[in-house]
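This is upload-v7.tsv. It holds TSV, C-alpha atoms.
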chain	number	residue	atom	x	y	z
A	1	MET	CA	24.77	-24.56	-16.58
A	2	THR	CA	28.47	-23.72	-16.40
A	3	ASP	CA	30.67	-25.95	-14.25
A	4	HIS	CA	32.96	-24.07	-11.87
A	5	THR	CA	36.34	-25.16	-10.68
A	6	PRO	CA	36.99	-25.84	-6.98
A	7	GLU	CA	39.11	-22.66	-6.87
A	8	GLU	CA	36.23	-20.57	-8.30
A	9	ASN	CA	33.81	-22.08	-5.78
A	10	LYS	CA	36.23	-21.31	-2.96
A	11	LYS	CA	36.54	-17.66	-4.03
A	12	HIS	CA	32.77	-17.37	-4.32
A	13	ALA	CA	32.31	-18.76	-0.79
A	14	GLU	CA	34.87	-16.29	0.54
A	15	ARG	CA	33.11	-13.36	-1.15
A	16	MET	CA	29.74	-14.44	0.23
A	17	ALA	CA	31.23	-14.80	3.74
A	18	LYS	CA	32.42	-11.19	3.54
A	19	VAL	CA	29.00	-10.04	2.36
A	20	GLN	CA	27.33	-11.96	5.19
A	21	SER	CA	29.67	-10.45	7.78
A	22	ALA	CA	29.11	-6.92	6.50
A	23	ARG	CA	25.35	-7.41	6.49
A	24	LYS	CA	25.33	-8.74	10.05
A	25	LYS	CA	27.25	-5.67	11.20
A	26	MET	CA	24.82	-3.38	9.40
A	27	MET	CA	21.74	-5.14	10.78
A	28	ALA	CA	23.13	-5.06	14.32
A	29	LYS	CA	22.82	-1.25	14.21
A	30	LYS	CA	19.21	-1.31	12.94
A	31	THR	CA	17.35	-1.74	16.21
A	32	ASN	CA	14.73	1.04	16.19
A	33	THR	CA	11.09	0.35	15.31
A	34	LYS	CA	8.23	2.73	14.56
A	35	GLY	CA	4.96	2.91	12.73
A	36	LEU	CA	5.68	3.76	9.11
A	37	ILE	CA	3.95	5.92	6.53
A	38	ILE	CA	4.27	3.91	3.31
A	39	ILE	CA	3.34	5.04	-0.20
A	40	HIS	CA	2.94	2.88	-3.30
A	41	THR	CA	2.60	5.12	-6.34
A	42	GLY	CA	3.54	5.32	-10.03
A	43	ASN	CA	1.86	4.47	-13.32
A	44	GLY	CA	2.58	0.75	-13.17
A	45	LYS	CA	0.43	-2.10	-11.91
A	46	GLY	CA	0.69	-3.53	-8.41
A	47	LYS	CA	0.14	-0.62	-6.04
A	48	SER	CA	-3.07	-1.86	-4.43
A	49	SER	CA	-1.93	-5.47	-4.74
A	50	SER	CA	1.21	-4.64	-2.76
A	51	GLY	CA	-0.89	-2.89	-0.12
A	52	PHE	CA	-3.21	-5.87	0.22
A	53	GLY	CA	-0.17	-8.13	0.42
A	54	MET	CA	1.08	-6.15	3.42
A	55	ILE	CA	-2.35	-6.47	5.03
A	56	LEU	CA	-2.20	-10.25	4.58
A	57	ARG	CA	1.27	-10.26	6.12
A	58	CYS	CA	-0.13	-8.46	9.18
A	59	ILE	CA	-2.92	-11.02	9.39
A	60	GLY	CA	-0.31	-13.76	9.25
A	61	HIS	CA	1.30	-12.22	12.33
A	62	GLY	CA	-2.06	-11.96	14.09
A	63	PHE	CA	-2.08	-8.14	13.98
A	64	PRO	CA	-5.44	-6.34	13.74
A	65	CYS	CA	-5.58	-4.24	10.58
A	66	ALA	CA	-8.01	-2.35	8.37
A	67	VAL	CA	-8.66	-1.31	4.76
A	68	VAL	CA	-10.44	1.79	3.51
A	69	GLN	CA	-11.12	1.91	-0.23
A	70	PHE	CA	-11.53	5.48	-1.46
A	71	ILE	CA	-12.43	4.94	-5.11
A	72	LYS	CA	-13.08	1.44	-6.39
A	73	GLY	CA	-16.41	0.98	-4.66
A	74	SER	CA	-18.51	-1.86	-6.04
A	75	MET	CA	-15.88	-2.98	-8.57
A	76	VAL	CA	-14.94	-6.64	-8.21
A	77	SER	CA	-11.98	-7.15	-5.85
A	78	ALA	CA	-10.98	-10.69	-4.97
A	79	GLU	CA	-8.55	-9.47	-2.29
A	80	ARG	CA	-11.27	-7.44	-0.60
A	81	ASP	CA	-13.75	-10.33	-0.79
A	82	LEU	CA	-11.19	-12.72	0.72
A	83	LEU	CA	-10.59	-10.39	3.65
A	84	LYS	CA	-14.29	-9.85	4.30
A	85	GLU	CA	-15.21	-13.52	4.03
A	86	ARG	CA	-12.32	-15.16	5.88
A	87	PHE	CA	-10.57	-12.57	8.03
A	88	ALA	CA	-13.33	-10.23	9.20
A	89	ASP	CA	-12.41	-11.00	12.81
A	90	ILE	CA	-8.98	-9.41	12.44
A	91	CYS	CA	-9.28	-7.06	9.46
A	92	GLN	CA	-11.95	-4.41	8.97
A	93	VAL	CA	-12.79	-3.58	5.35
A	94	HIS	CA	-14.65	-0.38	4.49
A	95	VAL	CA	-15.65	0.23	0.88
A	96	MET	CA	-16.35	3.95	0.82
A	97	GLY	CA	-15.93	4.93	-2.83
A	98	GLU	CA	-18.55	4.68	-5.55
A	99	GLY	CA	-16.25	4.09	-8.50
A	100	PHE	CA	-14.01	6.29	-10.61
A	101	THR	CA	-15.09	9.84	-11.33
A	102	TRP	CA	-16.08	8.94	-14.89
A	103	ASP	CA	-18.52	6.40	-13.41
A	104	THR	CA	-20.39	8.71	-11.05
A	105	GLN	CA	-20.03	11.87	-13.20
A	106	ASP	CA	-20.96	13.82	-10.08
A	107	ARG	CA	-18.10	15.75	-8.47
A	108	GLU	CA	-19.98	16.78	-5.33
A	109	ARG	CA	-21.02	13.19	-4.72
A	110	ASP	CA	-17.44	12.03	-5.18
A	111	ILE	CA	-16.16	14.65	-2.75
A	112	ALA	CA	-18.74	13.62	-0.15
A	113	ALA	CA	-17.76	9.95	-0.53
A	114	ALA	CA	-14.07	10.80	-0.17
A	115	ARG	CA	-14.77	12.86	2.94
A	116	ARG	CA	-16.72	9.97	4.51
A	117	ALA	CA	-13.83	7.64	3.69
A	118	TRP	CA	-11.30	9.98	5.28
A	119	GLU	CA	-13.38	10.33	8.45
A	120	LYS	CA	-13.52	6.52	8.71
A	121	ALA	CA	-9.78	6.33	8.04
A	122	LYS	CA	-9.04	8.78	10.84
A	123	GLU	CA	-11.18	6.75	13.24
A	124	LEU	CA	-9.28	3.57	12.37
A	125	ILE	CA	-5.84	5.17	12.48
A	126	ARG	CA	-6.51	6.70	15.90
A	127	ASN	CA	-7.19	3.21	17.32
A	128	PRO	CA	-3.81	2.03	18.67
A	129	GLU	CA	-4.99	-1.60	18.61
A	130	ILE	CA	-4.98	-1.54	14.79
A	131	ARG	CA	-1.43	-2.12	13.59
A	132	MET	CA	-1.87	-1.28	9.90
A	133	VAL	CA	-4.38	0.75	7.91
A	134	LEU	CA	-4.43	0.56	4.12
A	135	LEU	CA	-5.81	3.68	2.43
A	136	ASP	CA	-6.40	2.23	-1.00
A	137	GLU	CA	-6.44	4.73	-3.89
A	138	LEU	CA	-6.30	7.72	-1.54
A	139	ASN	CA	-3.89	9.35	-3.98
A	140	ILE	CA	-6.59	9.32	-6.67
A	141	ALA	CA	-8.94	11.26	-4.39
A	142	LEU	CA	-6.14	13.75	-3.78
A	143	ARG	CA	-5.36	14.02	-7.48
A	144	TYR	CA	-8.93	15.13	-8.19
A	145	ASP	CA	-8.89	17.54	-5.22
A	146	TYR	CA	-11.60	15.64	-3.36
A	147	LEU	CA	-9.42	15.93	-0.24
A	148	ASP	CA	-6.54	18.14	0.85
A	149	ALA	CA	-3.09	16.54	1.01
A	150	GLY	CA	-1.95	19.02	3.66
A	151	GLU	CA	-4.80	18.06	5.98
A	152	ILE	CA	-3.97	14.38	5.62
A	153	ALA	CA	-0.24	14.92	6.16
A	154	ASP	CA	-0.86	17.01	9.27
A	155	PHE	CA	-3.17	14.37	10.72
A	156	LEU	CA	-0.66	11.57	10.13
A	157	LEU	CA	2.14	13.59	11.72
A	158	ASP	CA	0.08	14.78	14.70
A	159	GLU	CA	-2.34	11.96	15.49
A	160	LYS	CA	-1.09	8.63	14.13
A	161	PRO	CA	-0.14	6.36	17.04
A	162	GLU	CA	3.58	5.68	17.29
A	163	MET	CA	3.44	2.03	16.19
A	164	THR	CA	0.66	2.22	13.58
A	165	HIS	CA	1.62	1.64	9.95
A	166	VAL	CA	-0.35	3.53	7.28
A	167	VAL	CA	-0.12	2.38	3.66
A	168	ILE	CA	-1.31	4.75	0.91
A	169	THR	CA	-1.78	3.66	-2.70
A	170	GLY	CA	-2.57	5.28	-6.03
A	171	ARG	CA	-0.67	6.99	-8.79
A	172	ASN	CA	0.39	10.65	-8.61
A	173	ALA	CA	1.14	10.74	-4.89
A	174	PRO	CA	1.34	14.42	-3.88
A	175	ASP	CA	4.68	15.89	-2.84
A	176	ARG	CA	3.32	16.72	0.62
A	177	LEU	CA	2.73	13.05	1.41
A	178	ILE	CA	5.98	11.94	-0.19
A	179	ASP	CA	7.81	14.44	2.02
A	180	ILE	CA	6.46	12.93	5.25
A	181	ALA	CA	6.55	9.28	4.19
A	182	ASP	CA	9.09	6.83	5.56
A	183	LEU	CA	8.95	4.53	2.53
A	184	VAL	CA	7.94	5.45	-1.03
A	185	SER	CA	7.91	2.91	-3.85
A	186	GLU	CA	7.18	3.80	-7.46
A	187	MET	CA	5.69	1.18	-9.76
A	188	LYS	CA	6.86	1.95	-13.30
A	189	GLU	CA	5.06	0.63	-16.34
A	190	ILE	CA	7.42	-0.95	-18.86
A	191	LYS	CA	4.90	-2.95	-20.85
A	192	HIS	CA	1.16	-3.55	-20.47
A	193	PRO	CA	-1.01	-6.10	-22.34
A	194	PHE	CA	-3.98	-3.72	-22.49
A	195	ARG	CA	-1.97	-1.06	-24.29
A	196	LYS	CA	0.21	-3.28	-26.46
A	197	GLN	CA	-2.15	-6.14	-27.29
A	198	GLY	CA	-5.65	-4.90	-26.44
A	199	ILE	CA	-6.07	-7.63	-23.81
A	200	ALA	CA	-8.91	-7.03	-21.34
A	201	ALA	CA	-8.57	-7.06	-17.54
A	202	GLN	CA	-8.57	-10.64	-16.27
A	203	ALA	CA	-9.57	-12.32	-13.01
A	204	GLY	CA	-6.55	-13.18	-10.90
A	205	VAL	CA	-4.43	-10.50	-12.56
A	206	GLU	CA	-6.32	-7.21	-12.39
A	207	PHE	CA	-9.09	-8.15	-9.94

Represent the structure from my file as structure tokens, please.
Amino acid sequence: MTDHTPEENKKHAERMAKVQSARKKMMAKKTNTKGLIIIHTGNGKGKSSSGFGMILRCIGHGFPCAVVQFIKGSMVSAERDLLKERFADICQVHVMGEGFTWDTQDRERDIAAARRAWEKAKELIRNPEIRMVLLDELNIALRYDYLDAGEIADFLLDEKPEMTHVVITGRNAPDRLIDIADLVSEMKEIKHPFRKQGIAAQAGVEF
């Protein structure tokens, strides 16, 4: 570690004081609150994990919340199991999917499952007592045309309660949802052990 002179430390403290002052002024103007439409998309890992992390944050604040899983179905999910086993009193979890399309190999069945999931999602979102609803892998259902992005966007704009947050995950988020979202984050894959080293999915990392 490099030692700094007293003069360097003084200049650093002065710079940080200016940054702090500017940030306080900026934050003083940010007083509005609203329920957000949040999208986690991209080809990198961490989209669902980020969504579940936000759900746990809500739980930490004592806010009722809910999860609807559109695709993963019976696949192992430690986050989902944790919510169902320990936080069922404050967080509803609805596993509506039956797996990825290559698992079911039945398009009509997949469409029916996605429709049931969306009907449940609408019911949860309409409930103003629920502060956050995570629509896990909804973008995958949209990518395969199991649901219509325009229908979902119109519902969120017209019927979502003012203070309800809706989090949508999955790669290939459609432009229609990106257009109406308040916050869009893209996870970008730089390096992946499965592709580079042939390492299998592991508990605690992928599930």

Wanna dump the range 49-108 of chain A-range 132-148 of chain A contacts at 6 Å for me, each residue with its shortest atom pair and the distance in Å to one decimal, counting only C-alpha atoms, ordered by chain and number, as JSON lines?
{"residue": "A:Cys65", "atom": "CA", "partner": "A:Met132", "partner_atom": "CA", "distance": 4.8}
{"residue": "A:Ala66", "atom": "CA", "partner": "A:Val133", "partner_atom": "CA", "distance": 4.8}
{"residue": "A:Val67", "atom": "CA", "partner": "A:Leu134", "partner_atom": "CA", "distance": 4.7}
{"residue": "A:Val68", "atom": "CA", "partner": "A:Leu135", "partner_atom": "CA", "distance": 5.1}
{"residue": "A:Gln69", "atom": "CA", "partner": "A:Asp136", "partner_atom": "CA", "distance": 4.8}
{"residue": "A:Phe70", "atom": "CA", "partner": "A:Glu137", "partner_atom": "CA", "distance": 5.7}

Can you tell me, as a PDB file with C-alpha atoms, in the coordinates of the input, what residues are no more than 12 Å from Asp175 in chain A when counting all atoms listed in the file, ignoring any on the same chain fewer than 3 positions away?
ATOM      1  CA  ILE A  39       3.340   5.040  -0.200  1.00  0.00           C
ATOM      2  CA  THR A  41       2.600   5.120  -6.340  1.00  0.00           C
ATOM      3  CA  ASN A 139      -3.890   9.350  -3.980  1.00  0.00           C
ATOM      4  CA  LEU A 142      -6.140  13.750  -3.780  1.00  0.00           C
ATOM      5  CA  ARG A 143      -5.360  14.020  -7.480  1.00  0.00           C
ATOM      6  CA  ALA A 149      -3.090  16.540   1.010  1.00  0.00           C
ATOM      7  CA  GLY A 150      -1.950  19.020   3.660  1.00  0.00           C
ATOM      8  CA  ALA A 153      -0.240  14.920   6.160  1.00  0.00           C
ATOM      9  CA  ARG A 171      -0.670   6.990  -8.790  1.00  0.00           C
ATOM     10  CA  ASN A 172       0.390  10.650  -8.610  1.00  0.00           C
ATOM     11  CA  ILE A 178       5.980  11.940  -0.190  1.00  0.00           C
ATOM     12  CA  ASP A 179       7.810  14.440   2.020  1.00  0.00           C
ATOM     13  CA  ILE A 180       6.460  12.930   5.250  1.00  0.00           C
ATOM     14  CA  ALA A 181       6.550   9.280   4.190  1.00  0.00           C
ATOM     15  CA  VAL A 184       7.940   5.450  -1.030  1.00  0.00           C
TER      16      VAL A 184
END

Check your understanding: Using all atoms listed in the file, which of the listed residues (A:Pro174, A:Pro161, A:Gly35, A:Gly97) sits closest to Arg115 in chain A?
Key ->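 Looking at the shortest contact to Arg115 in chain A, the residue is A:Gly97.
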
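Excluding Glu186 in chain A and any residue on its chain fewer than 4 positions from it, the residues at most 12 Å away by all atoms listed in the file are Ile38, Ile39, His40, Thr41, Gly42, Asn43, Gly44, Lys45, Gly46, Lys47, Ser50, Ile168, Thr169, Gly170, Arg171, Asn172, Ala173 and Ile178 of chain A.
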
Exercise for review: Within 12 Å of Ala88 in chain A, counting only C-alpha atoms, which residues show up once you throw out same-chain ones fewer than 3 positions away? Write them as a ChimeraX atom specification, please.
Suggested key: /A:59,64-67,80-85,91-94

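If only C-alpha atoms are the atoms counted, then among A:Asp182, A:Asp110, A:Glu14, A:Glu129 the closest residue to Lys34 in chain A is A:Asp182.
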
Got a sec to check which residues sit within 12 Å of (-2.8, -9.4, -12.5), counting all atoms listed in the file, and write them as a short mmCIF file (atom, residue, chain, number, x, y, z; two decimals) with C-alpha atoms, keeping the file's coordinate frame?
data_model
loop_
_atom_site.label_atom_id
_atom_site.label_comp_id
_atom_site.auth_asym_id
_atom_site.auth_seq_id
_atom_site.Cartn_x
_atom_site.Cartn_y
_atom_site.Cartn_z
CA GLY A 44 2.58 0.75 -13.17
CA LYS A 45 0.43 -2.10 -11.91
CA GLY A 46 0.69 -3.53 -8.41
CA LYS A 47 0.14 -0.62 -6.04
CA SER A 48 -3.07 -1.86 -4.43
CA SER A 49 -1.93 -5.47 -4.74
CA SER A 50 1.21 -4.64 -2.76
CA SER A 77 -11.98 -7.15 -5.85
CA ALA A 78 -10.98 -10.69 -4.97
CA GLU A 79 -8.55 -9.47 -2.29
CA HIS A 192 1.16 -3.55 -20.47
CA PRO A 193 -1.01 -6.10 -22.34
CA PHE A 194 -3.98 -3.72 -22.49
CA ILE A 199 -6.07 -7.63 -23.81
CA ALA A 200 -8.91 -7.03 -21.34
CA ALA A 201 -8.57 -7.06 -17.54
CA GLN A 202 -8.57 -10.64 -16.27
CA ALA A 203 -9.57 -12.32 -13.01
CA GLY A 204 -6.55 -13.18 -10.90
CA VAL A 205 -4.43 -10.50 -12.56
CA GLU A 206 -6.32 -7.21 -12.39
CA PHE A 207 -9.09 -8.15 -9.94
#

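We find CA of Arg15 in chain A and CA of Lys30 in chain A to be spaced 23.2 Å apart.
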
Could you list, as a PDB file with C-alpha atoms, in the frame of the given file, every residue within 12 Å of Gly62 in chain A, counting only C-alpha atoms and ignoring same-chain residues fewer than 6 positions away?
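around-v6.pdb written:
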ATOM      1  CA  ILE A  55      -2.350  -6.470   5.030  1.00  0.00           C
ATOM      2  CA  LEU A  56      -2.200 -10.250   4.580  1.00  0.00           C
ATOM      3  CA  PHE A  87     -10.570 -12.570   8.030  1.00  0.00           C
ATOM      4  CA  ASP A  89     -12.410 -11.000  12.810  1.00  0.00           C
ATOM      5  CA  ILE A  90      -8.980  -9.410  12.440  1.00  0.00           C
ATOM      6  CA  CYS A  91      -9.280  -7.060   9.460  1.00  0.00           C
ATOM      7  CA  GLU A 129      -4.990  -1.600  18.610  1.00  0.00           C
ATOM      8  CA  ILE A 130      -4.980  -1.540  14.790  1.00  0.00           C
ATOM      9  CA  ARG A 131      -1.430  -2.120  13.590  1.00  0.00           C
ATOM     10  CA  MET A 132      -1.870  -1.280   9.900  1.00  0.00           C
TER      11      MET A 132
END

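Separating CA of Lys160 in chain A from CA of Ile125 in chain A is a distance of 6.1 Å.
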
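Of note, CA of Ile190 in chain A and CA of Phe52 in chain A are spaced 22.4 Å apart.
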
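Of the residues listed (A:Leu177, A:Met27, A:Leu124, A:Ala117), A:Leu177 shows the shortest atom-to-atom separation from Glu151 in chain A; distances use all atoms listed in the file.
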